[in-house]
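A.B. asks: Following this line is my_file00.cif, made up of mmCIF, C-alpha atoms:
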data_coords
loop_
_atom_site.group_PDB
_atom_site.id
_atom_site.type_symbol
_atom_site.label_atom_id
_atom_site.label_comp_id
_atom_site.auth_asym_id
_atom_site.auth_seq_id
_atom_site.Cartn_x
_atom_site.Cartn_y
_atom_site.Cartn_z
ATOM 1 C CA MET N 1 113.547 90.409 110.504
ATOM 2 C CA VAL N 2 110.044 91.517 110.297
ATOM 3 C CA ASN N 3 109.997 91.597 108.837
ATOM 4 C CA GLY N 4 87.266 104.464 104.787
ATOM 5 C CA THR N 5 85.140 102.100 102.660
ATOM 6 C CA GLY N 6 85.932 100.013 99.635
ATOM 7 C CA THR N 7 84.796 97.040 97.645
ATOM 8 C CA SER N 8 85.045 93.898 99.749
ATOM 9 C CA PHE N 9 85.521 90.592 97.962
ATOM 10 C CA THR N 10 84.894 88.379 100.961
ATOM 11 C CA GLY N 11 82.413 85.594 100.451
ATOM 12 C CA GLY N 12 79.928 83.989 102.778
ATOM 13 C CA GLY N 13 80.124 80.486 104.152
ATOM 14 C CA ASN N 14 77.948 77.770 105.601
ATOM 15 C CA GLY N 15 80.034 77.436 108.755
ATOM 16 C CA ARG N 16 81.145 73.886 107.948
ATOM 17 C CA GLY N 17 84.646 72.495 107.865
ATOM 18 C CA PRO N 18 87.609 72.784 110.248
ATOM 19 C CA LEU N 19 87.497 76.582 110.239
ATOM 20 C CA GLY N 20 83.714 76.824 110.535
ATOM 21 C CA TRP N 21 83.857 77.726 114.207
ATOM 22 C CA ILE N 22 86.087 80.676 113.359
ATOM 23 C CA ARG N 23 83.515 82.014 110.902
ATOM 24 C CA ARG N 24 80.754 81.515 113.454
ATOM 25 C CA TYR N 25 82.774 83.457 116.031
ATOM 26 C CA TRP N 26 83.903 86.299 113.797
ATOM 27 C CA GLY N 27 81.217 86.192 111.124
ATOM 28 C CA ASP N 28 81.944 86.507 107.429
ATOM 29 C CA HIS N 29 84.880 88.792 108.175
ATOM 30 C CA ALA N 30 86.846 86.092 110.005
ATOM 31 C CA PRO N 31 90.555 86.320 109.099
ATOM 32 C CA VAL N 32 90.683 82.600 108.355
ATOM 33 C CA VAL N 33 93.723 82.799 106.076
ATOM 34 C CA THR N 34 95.672 84.894 108.584
ATOM 35 C CA ILE N 35 94.817 82.358 111.274
ATOM 36 C CA ALA N 36 95.794 79.443 109.033
ATOM 37 C CA ILE N 37 99.158 81.016 108.155
ATOM 38 C CA THR N 38 99.827 81.710 111.816
ATOM 39 C CA LEU N 39 99.036 78.131 112.818
ATOM 40 C CA ILE N 40 101.201 76.686 110.038
ATOM 41 C CA CYS N 41 104.151 78.864 111.073
ATOM 42 C CA ILE N 42 103.767 77.964 114.751
ATOM 43 C CA VAL N 43 103.462 74.220 114.082
ATOM 44 C CA ALA N 44 106.458 74.356 111.735
ATOM 45 C CA TRP N 45 108.482 76.222 114.360
ATOM 46 C CA VAL N 46 107.609 73.665 117.054
ATOM 47 C CA ILE N 47 108.765 70.864 114.735
ATOM 48 C CA GLN N 48 111.937 72.809 113.977
ATOM 49 C CA MET N 49 112.639 73.289 117.684
ATOM 50 C CA ALA N 50 112.081 69.603 118.416
ATOM 51 C CA LEU N 51 114.542 68.573 115.700
ATOM 52 C CA TYR N 52 116.993 71.275 116.712
ATOM 53 C CA LEU N 53 117.038 70.068 120.329
ATOM 54 C CA LEU N 54 116.861 66.323 119.679
ATOM 55 C CA ALA N 55 118.898 65.955 116.490
ATOM 56 C CA PRO N 56 120.796 69.187 115.772
ATOM 57 C CA LEU N 57 122.984 67.784 112.977
ATOM 58 C CA ARG N 58 120.010 66.305 111.149
ATOM 59 C CA TYR N 59 118.155 69.573 111.624
ATOM 60 C CA GLN N 60 120.983 71.539 110.012
ATOM 61 C CA ARG N 61 121.095 69.151 107.038
ATOM 62 C CA LEU N 62 117.345 69.405 106.529
ATOM 63 C CA LEU N 63 117.329 73.178 106.970
ATOM 64 C CA LEU N 64 120.156 73.988 104.573
ATOM 65 C CA GLY N 65 119.532 71.135 102.169
ATOM 66 C CA TYR N 66 115.778 71.246 101.790
ATOM 67 C CA TRP N 67 113.841 73.853 103.780
ATOM 68 C CA ALA N 68 115.682 77.181 103.694
ATOM 69 C CA PHE N 69 115.933 79.182 100.494
ATOM 70 C CA VAL N 70 119.427 78.849 99.027
ATOM 71 C CA PRO N 71 119.798 80.585 95.635
ATOM 72 C CA ILE N 72 122.497 78.260 94.347
ATOM 73 C CA THR N 73 120.287 75.146 94.635
ATOM 74 C CA ALA N 74 116.785 76.634 94.507
ATOM 75 C CA ILE N 75 116.047 75.876 90.840
ATOM 76 C CA HIS N 76 116.928 72.221 91.349
ATOM 77 C CA GLU N 77 114.980 72.094 94.622
ATOM 78 C CA PRO N 78 111.991 74.348 93.809
ATOM 79 C CA TRP N 79 110.077 73.493 96.990
ATOM 80 C CA MET N 80 112.502 75.865 98.716
ATOM 81 C CA PHE N 81 110.580 78.745 97.184
ATOM 82 C CA VAL N 82 107.616 77.808 99.394
ATOM 83 C CA THR N 83 108.950 76.016 102.483
ATOM 84 C CA ASN N 84 111.126 78.902 103.632
ATOM 85 C CA ILE N 85 108.123 81.257 103.774
ATOM 86 C CA PHE N 86 106.655 79.314 106.714
ATOM 87 C CA LEU N 87 109.871 78.627 108.654
ATOM 88 C CA HIS N 88 111.695 80.725 111.232
ATOM 89 C CA ALA N 89 114.930 80.714 113.185
ATOM 90 C CA THR N 90 115.062 78.721 116.401
ATOM 91 C CA ASN N 91 114.759 81.804 118.566
ATOM 92 C CA VAL N 92 111.443 82.998 119.903
ATOM 93 C CA SER N 93 111.968 86.618 118.860
ATOM 94 C CA HIS N 94 112.010 85.834 115.136
ATOM 95 C CA ILE N 95 108.671 84.051 114.921
ATOM 96 C CA LEU N 96 107.103 86.242 117.608
ATOM 97 C CA PHE N 97 107.935 89.474 115.806
ATOM 98 C CA ASN N 98 106.820 88.115 112.445
ATOM 99 C CA MET N 99 103.515 86.800 113.767
ATOM 100 C CA ILE N 100 102.783 90.082 115.536
ATOM 101 C CA THR N 101 103.539 91.876 112.281
ATOM 102 C CA LEU N 102 101.234 89.508 110.398
ATOM 103 C CA TRP N 103 98.395 90.329 112.793
ATOM 104 C CA VAL N 104 99.007 94.058 112.505
ATOM 105 C CA VAL N 105 98.130 94.039 108.810
ATOM 106 C CA GLY N 106 96.690 90.604 107.955
ATOM 107 C CA PRO N 107 93.106 90.737 109.261
ATOM 108 C CA VAL N 108 92.501 94.252 107.911
ATOM 109 C CA LEU N 109 93.854 93.457 104.469
ATOM 110 C CA GLU N 110 92.132 90.066 104.295
ATOM 111 C CA ASN N 111 88.807 91.719 105.090
ATOM 112 C CA LEU N 112 89.367 94.365 102.417
ATOM 113 C CA ILE N 113 90.325 92.112 99.508
ATOM 114 C CA GLY N 114 88.920 88.715 100.489
ATOM 115 C CA HIS N 115 90.335 85.398 101.620
ATOM 116 C CA GLY N 116 91.412 84.034 98.238
ATOM 117 C CA ARG N 117 93.113 87.209 97.092
ATOM 118 C CA PHE N 118 94.827 87.598 100.435
ATOM 119 C CA LEU N 119 96.268 84.069 100.309
ATOM 120 C CA VAL N 120 97.512 84.563 96.762
ATOM 121 C CA LEU N 121 98.998 87.939 97.705
ATOM 122 C CA TYR N 122 100.848 86.380 100.641
ATOM 123 C CA MET N 123 102.320 83.593 98.514
ATOM 124 C CA ILE N 124 103.207 85.855 95.567
ATOM 125 C CA SER N 125 104.930 88.273 97.960
ATOM 126 C CA GLY N 126 106.885 85.419 99.538
ATOM 127 C CA LEU N 127 108.034 84.290 96.102
ATOM 128 C CA GLY N 128 108.980 87.892 95.381
ATOM 129 C CA GLY N 129 111.202 87.814 98.447
ATOM 130 C CA ASP N 130 112.891 84.686 97.117
ATOM 131 C CA LEU N 131 113.433 86.406 93.783
ATOM 132 C CA GLY N 132 115.018 89.329 95.626
ATOM 133 C CA LEU N 133 117.628 86.928 97.012
ATOM 134 C CA MET N 134 118.301 85.529 93.544
ATOM 135 C CA VAL N 135 118.685 88.972 91.996
ATOM 136 C CA TYR N 136 121.131 89.880 94.755
ATOM 137 C CA ALA N 137 123.097 86.699 94.039
ATOM 138 C CA VAL N 138 123.475 87.793 90.413
ATOM 139 C CA LEU N 139 124.707 91.235 91.478
ATOM 140 C CA ALA N 140 126.906 89.956 94.328
ATOM 141 C CA PRO N 141 128.275 86.486 93.493
ATOM 142 C CA ASN N 142 128.876 85.661 97.168
ATOM 143 C CA GLY N 143 125.102 85.763 97.539
ATOM 144 C CA TRP N 144 124.631 82.412 95.811
ATOM 145 C CA GLY N 145 125.614 80.508 98.934
ATOM 146 C CA THR N 146 123.451 82.466 101.364
ATOM 147 C CA SER N 147 120.389 80.915 102.980
ATOM 148 C CA ALA N 148 117.246 82.503 104.368
ATOM 149 C CA ILE N 149 114.050 81.519 106.133
ATOM 150 C CA GLY N 150 111.139 83.533 107.460
ATOM 151 C CA ALA N 151 107.859 85.127 106.511
ATOM 152 C CA SER N 152 109.376 88.593 106.184
ATOM 153 C CA GLY N 153 109.297 88.783 102.391
ATOM 154 C CA ALA N 154 105.612 87.909 102.371
ATOM 155 C CA LEU N 155 104.932 90.336 105.219
ATOM 156 C CA PHE N 156 106.657 93.196 103.431
ATOM 157 C CA GLY N 157 104.480 92.389 100.437
ATOM 158 C CA LEU N 158 101.406 92.718 102.658
ATOM 159 C CA PHE N 159 102.669 96.071 103.908
ATOM 160 C CA ALA N 160 103.149 97.314 100.358
ATOM 161 C CA ALA N 161 99.679 96.052 99.449
ATOM 162 C CA ILE N 162 97.923 97.803 102.316
ATOM 163 C CA LEU N 163 99.795 101.014 101.485
ATOM 164 C CA VAL N 164 98.403 100.747 97.948
ATOM 165 C CA VAL N 165 94.872 100.034 99.212
ATOM 166 C CA TYR N 166 94.903 102.804 101.814
ATOM 167 C CA ARG N 167 96.243 105.232 99.248
ATOM 168 C CA ARG N 168 93.402 104.296 96.898
ATOM 169 C CA LEU N 169 90.835 104.758 99.682
ATOM 170 C CA GLY N 170 92.305 108.103 100.735
ATOM 171 C CA ILE N 171 93.283 106.873 104.217
ATOM 172 C CA ASP N 172 96.244 108.523 105.944
ATOM 173 C CA ILE N 173 99.301 106.284 105.485
ATOM 174 C CA LEU N 174 101.874 108.306 107.436
ATOM 175 C CA SER N 175 102.014 105.919 110.392
ATOM 176 C CA LEU N 176 102.382 102.938 108.068
ATOM 177 C CA VAL N 177 105.165 104.651 106.138
ATOM 178 C CA VAL N 178 107.018 105.356 109.398
ATOM 179 C CA TRP N 179 106.580 101.735 110.511
ATOM 180 C CA MET N 180 107.823 100.491 107.144
ATOM 181 C CA GLY N 181 110.809 102.811 107.307
ATOM 182 C CA ILE N 182 111.760 101.441 110.706
ATOM 183 C CA ASN N 183 111.524 97.871 109.435
ATOM 184 C CA PHE N 184 113.548 98.614 106.322
ATOM 185 C CA CYS N 185 116.286 100.138 108.511
ATOM 186 C CA MET N 186 116.490 97.179 110.892
ATOM 187 C CA PRO N 187 119.221 95.376 108.877
ATOM 188 C CA LEU N 188 121.474 98.360 109.598
ATOM 189 C CA PHE N 189 121.351 97.572 113.305
ATOM 190 C CA VAL N 190 120.516 93.859 113.521
ATOM 191 C CA PRO N 191 122.914 91.442 111.782
ATOM 192 C CA GLY N 192 121.740 88.425 109.814
ATOM 193 C CA ILE N 193 118.591 89.971 108.346
ATOM 194 C CA ALA N 194 117.921 89.143 104.689
ATOM 195 C CA TRP N 195 117.052 92.652 103.504
ATOM 196 C CA GLN N 196 117.020 91.405 99.908
ATOM 197 C CA ASP N 197 114.009 89.290 100.836
ATOM 198 C CA HIS N 198 112.264 92.358 102.252
ATOM 199 C CA VAL N 199 112.866 94.462 99.151
ATOM 200 C CA GLY N 200 111.766 91.721 96.765
ATOM 201 C CA GLY N 201 108.593 90.985 98.709
ATOM 202 C CA PHE N 202 107.734 94.669 99.014
ATOM 203 C CA ILE N 203 108.109 95.392 95.298
ATOM 204 C CA VAL N 204 106.267 92.295 94.084
ATOM 205 C CA GLY N 205 103.498 92.588 96.691
ATOM 206 C CA GLY N 206 102.864 96.225 95.828
ATOM 207 C CA LEU N 207 102.787 95.571 92.089
ATOM 208 C CA PHE N 208 100.483 92.583 92.529
ATOM 209 C CA MET N 209 98.081 94.637 94.634
ATOM 210 C CA LEU N 210 98.022 97.331 91.964
ATOM 211 C CA ALA N 211 97.140 94.648 89.407
ATOM 212 C CA LEU N 212 94.347 93.296 91.611
ATOM 213 C CA LEU N 213 92.851 96.753 92.070
ATOM 214 C CA HIS N 214 93.050 97.463 88.354
ATOM 215 C CA MET N 215 91.312 94.178 87.490
ATOM 216 C CA GLY N 216 88.926 94.116 90.441
ATOM 217 C CA ARG N 217 86.072 96.264 89.230
ATOM 218 C CA PRO N 218 82.611 94.872 89.999
ATOM 219 C CA GLY N 219 81.262 92.422 87.461
ATOM 220 C CA SER N 220 79.961 88.900 86.983
ATOM 221 C CA ARG N 221 81.112 85.896 89.004
ATOM 222 C CA VAL N 222 83.327 84.827 86.098
ATOM 223 C CA HIS N 223 84.861 88.289 85.922
ATOM 224 C CA SER N 224 85.399 88.263 89.686
ATOM 225 C CA LEU N 225 87.343 85.008 89.382
ATOM 226 C CA LEU N 226 89.408 86.204 86.443
ATOM 227 C CA SER N 227 90.140 89.497 88.217
ATOM 228 C CA TRP N 228 92.557 87.702 90.557
ATOM 229 C CA LEU N 229 93.276 84.466 88.662
ATOM 230 C CA LEU N 230 94.667 86.211 85.580
ATOM 231 C CA PRO N 231 97.108 88.495 87.483
ATOM 232 C CA THR N 232 98.152 85.498 89.585
ATOM 233 C CA LEU N 233 99.067 83.441 86.521
ATOM 234 C CA ILE N 234 100.870 86.372 84.918
ATOM 235 C CA PHE N 235 102.900 87.119 88.057
ATOM 236 C CA LEU N 236 103.725 83.456 88.614
ATOM 237 C CA ALA N 237 104.939 83.116 85.046
ATOM 238 C CA ALA N 238 107.000 86.298 85.354
ATOM 239 C CA LEU N 239 108.570 85.178 88.646
ATOM 240 C CA VAL N 240 109.452 81.768 87.202
ATOM 241 C CA LEU N 241 111.045 83.334 84.120
ATOM 242 C CA LEU N 242 112.993 85.844 86.207
ATOM 243 C CA ALA N 243 114.233 83.115 88.556
ATOM 244 C CA LEU N 244 115.344 81.002 85.592
ATOM 245 C CA GLY N 245 117.036 84.056 84.111
ATOM 246 C CA CYS N 246 118.912 84.704 87.350
ATOM 247 C CA ASN N 247 119.970 81.064 87.478
ATOM 248 C CA MET N 248 121.779 81.509 84.161
ATOM 249 C CA PHE N 249 124.482 83.236 86.231
ATOM 250 C CA ASN N 250 124.604 80.430 88.819
ATOM 251 C CA PRO N 251 128.251 79.298 89.155
ATOM 252 C CA MET N 252 127.069 75.738 89.879
ATOM 253 C CA ARG N 253 124.643 75.623 86.949
#
Would you mind writing the structure in this file as structure tokens?
C.D. replies:
Amino acid sequence: MVNGTGTSFTGGGNGRGPLGWIRRYWGDHAPVVTIAITLICIVAWVIQMALYLLAPLRYQRLLLGYWAFVPITAIHEPWMFVTNIFLHATNVSHILFNMITLWVVGPVLENLIGHGRFLVLYMISGLGGDLGLMVYAVLAPNGWGTSAIGASGALFGLFAAILVVYRRLGIDILSLVVWMGINFCMPLFVPGIAWQDHVGGFIVGGLFMLALLHMGRPGSRVHSLLSWLLPTLIFLAALVLLALGCNMFNPMR
């Protein structure tokens, strides 16, 4: 699992708070959200490993019952839509590859669109990955009982977003397309990869980035806020409705 110039929406800061030292070190272009996501994933993985080694049965119950995304129970346990985005398998390669991938695209994209938009994009893409698993469950009934964890859906959304941005800026995207192609083909060679999560995250992340670019023309402070708040609310509402629609086919409904 993986997993030019333009208008920058990054804001300044007074250097205070727990991430103030990061801004002082990097300046206003500090990838604070990328760093925060990385730290959350690493801390979560350390906790997972501790439980896995010290109480493996309890870990499995928590993972499959609460933390991982399981389509058949997700609507009744909606926190799954979020928790799984920050969790990884108990092997080093999974989290290592995903975090490297995050740092390939995260800082660049966060600097281009701003911290707030980047965070929303990451979360919306992760939810899109979850929706991809639910759509697959509708099409393939054995998919209802599958479970998935990992940041890959969100990361594929970031890849789609940076492809959209680079295309808009006229930057050559050939290398990114090749890298994306390799990642999309990985499930053909590596078992256990939730490719449905990748596809869902990629589609939703790309569409959300298109919406942000369409709404993100320069304007007043109020317009700047609405330019990402309005698409966020629309996409969240659409994802919720689609998930509820998919759940209509849930055999355990």
A.B. asks: Compile a residue-level contact table for stretch 88-130 of chain N against stretch 183-196 of chain N at a cut-off of 12 Å, reporting for every qualifying residue the shortest atom pair and its distance in Å to one decimal, with all atoms listed in the file counted, rows ordered by chain and ascending number, as a tab-separated table.
C.D. replies:
residue	atom	partner	partner_atom	distance
N:His88	CA	N:Ile193	CA	11.9
N:Ala89	CA	N:Gly192	CA	10.8
N:His94	CA	N:Ile193	CA	10.3
N:Phe97	CA	N:Asn183	CA	11.1
N:Asn98	CA	N:Asn183	CA	11.2
N:Thr101	CA	N:Asn183	CA	10.4
N:Gly126	CA	N:Gln196	CA	11.8
N:Gly128	CA	N:Gln196	CA	9.9
N:Gly129	CA	N:Gln196	CA	7.0
N:Asp130	CA	N:Gln196	CA	8.4
A.B. asks: Can you pull out every residue within 10 Å of N:Val82, counting only C-alpha atoms, but drop anything in the same chain fewer than 6 positions away, and send it as a count of residues only?
C.D. replies: 8
A.B. asks: To one decimal place in Å, what is the distance between atom CA of N:Asn247 and atom CA of N:Leu131?
C.D. replies: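 These atoms are spaced 10.5 Å apart.
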A.B. asks: Quick one: which stretch 113-162 of chain N residues come within 8 Å of stretch 105-108 of chain N, and what is the nearest atom pair for each with the distance in Å to one decimal, counting all atoms listed in the file, rows ordered by chain and ascending number, as JSON lines?
C.D. replies:
{"residue": "N:Leu158", "atom": "CA", "partner": "N:Val105", "partner_atom": "CA", "distance": 7.1}
{"residue": "N:Phe159", "atom": "CA", "partner": "N:Val105", "partner_atom": "CA", "distance": 7.0}
{"residue": "N:Ile162", "atom": "CA", "partner": "N:Val105", "partner_atom": "CA", "distance": 7.5}
A.B. asks: N:Phe202, N:Trp144, N:Phe81, N:Trp179: which is nearest N:Leu239, counting only C-alpha atoms?
C.D. replies: N:Phe81
A.B. asks: Enter the distance from atom CA of N:Leu163 to atom CA of N:Leu133, in Å, rounded to one decimal.
C.D. replies: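 Taking atom CA of N:Leu163 as the start and atom CA of N:Leu133 as the end point, the length is 23.2 Å.
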A.B. asks: What does the structure give for the distance between atom CA of N:Gly205 and atom CA of N:Ala161, in Å to one decimal?
C.D. replies: 5.8 Å
A.B. asks: Here is a test: counting all atoms listed in the file, which residue of N:Val46, N:Ile72, N:Ile234, N:Val204 is nearest to N:Met252?
C.D. replies: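 Between N:Val46, N:Ile72, N:Ile234, N:Val204, the residue approaching N:Met252 most closely is N:Ile72.
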A.B. asks: Of the candidates N:Val178, N:Val164, N:Leu169, N:Leu102, which one gets nearest to N:Ser152 if we count all atoms listed in the file?
C.D. replies: N:Leu102
A.B. asks: For N:Gln48, find every residue with an atom within 12 Å (counting all atoms listed in the file), except residues of its own chain fewer than 2 positions away, and show them as a PyMOL selection string.
C.D. replies: chain N and resi 41-46+50-56+58-60+62-63+67-68+86-92+95+149
A.B. asks: On this file, the PyMOL selection byres ((chain N and resi 76) around 12) gives some set of residues; write that set as a ChimeraX atom specification.
C.D. replies: /N:65-66,69-75,77-81,243-244,247,250,252-253
A.B. asks: Of the candidates N:Phe235, N:Phe118, N:Phe249, N:Tyr136, which shows the shortest atom-to-atom distance to N:Gly200, using all atoms listed in the file?
C.D. replies: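 Once distances to N:Gly200 are computed over all atoms listed in the file, the minimum belongs to N:Tyr136.
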A.B. asks: Rank nothing, just name the residue among N:Leu112, N:Ala160, N:Ile85, N:Ala211 nearest to N:Ile40, using all atoms listed in the file.
C.D. replies: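 Distance minimum relative to N:Ile40 lands on N:Ile85.
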A.B. asks: Just checking: using all atoms listed in the file, which residue out of N:Gly153, N:Arg117, N:Tyr166, N:Leu96 ends up closest to N:Leu226?
C.D. replies: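 Selected residue with least distance to N:Leu226: N:Arg117.
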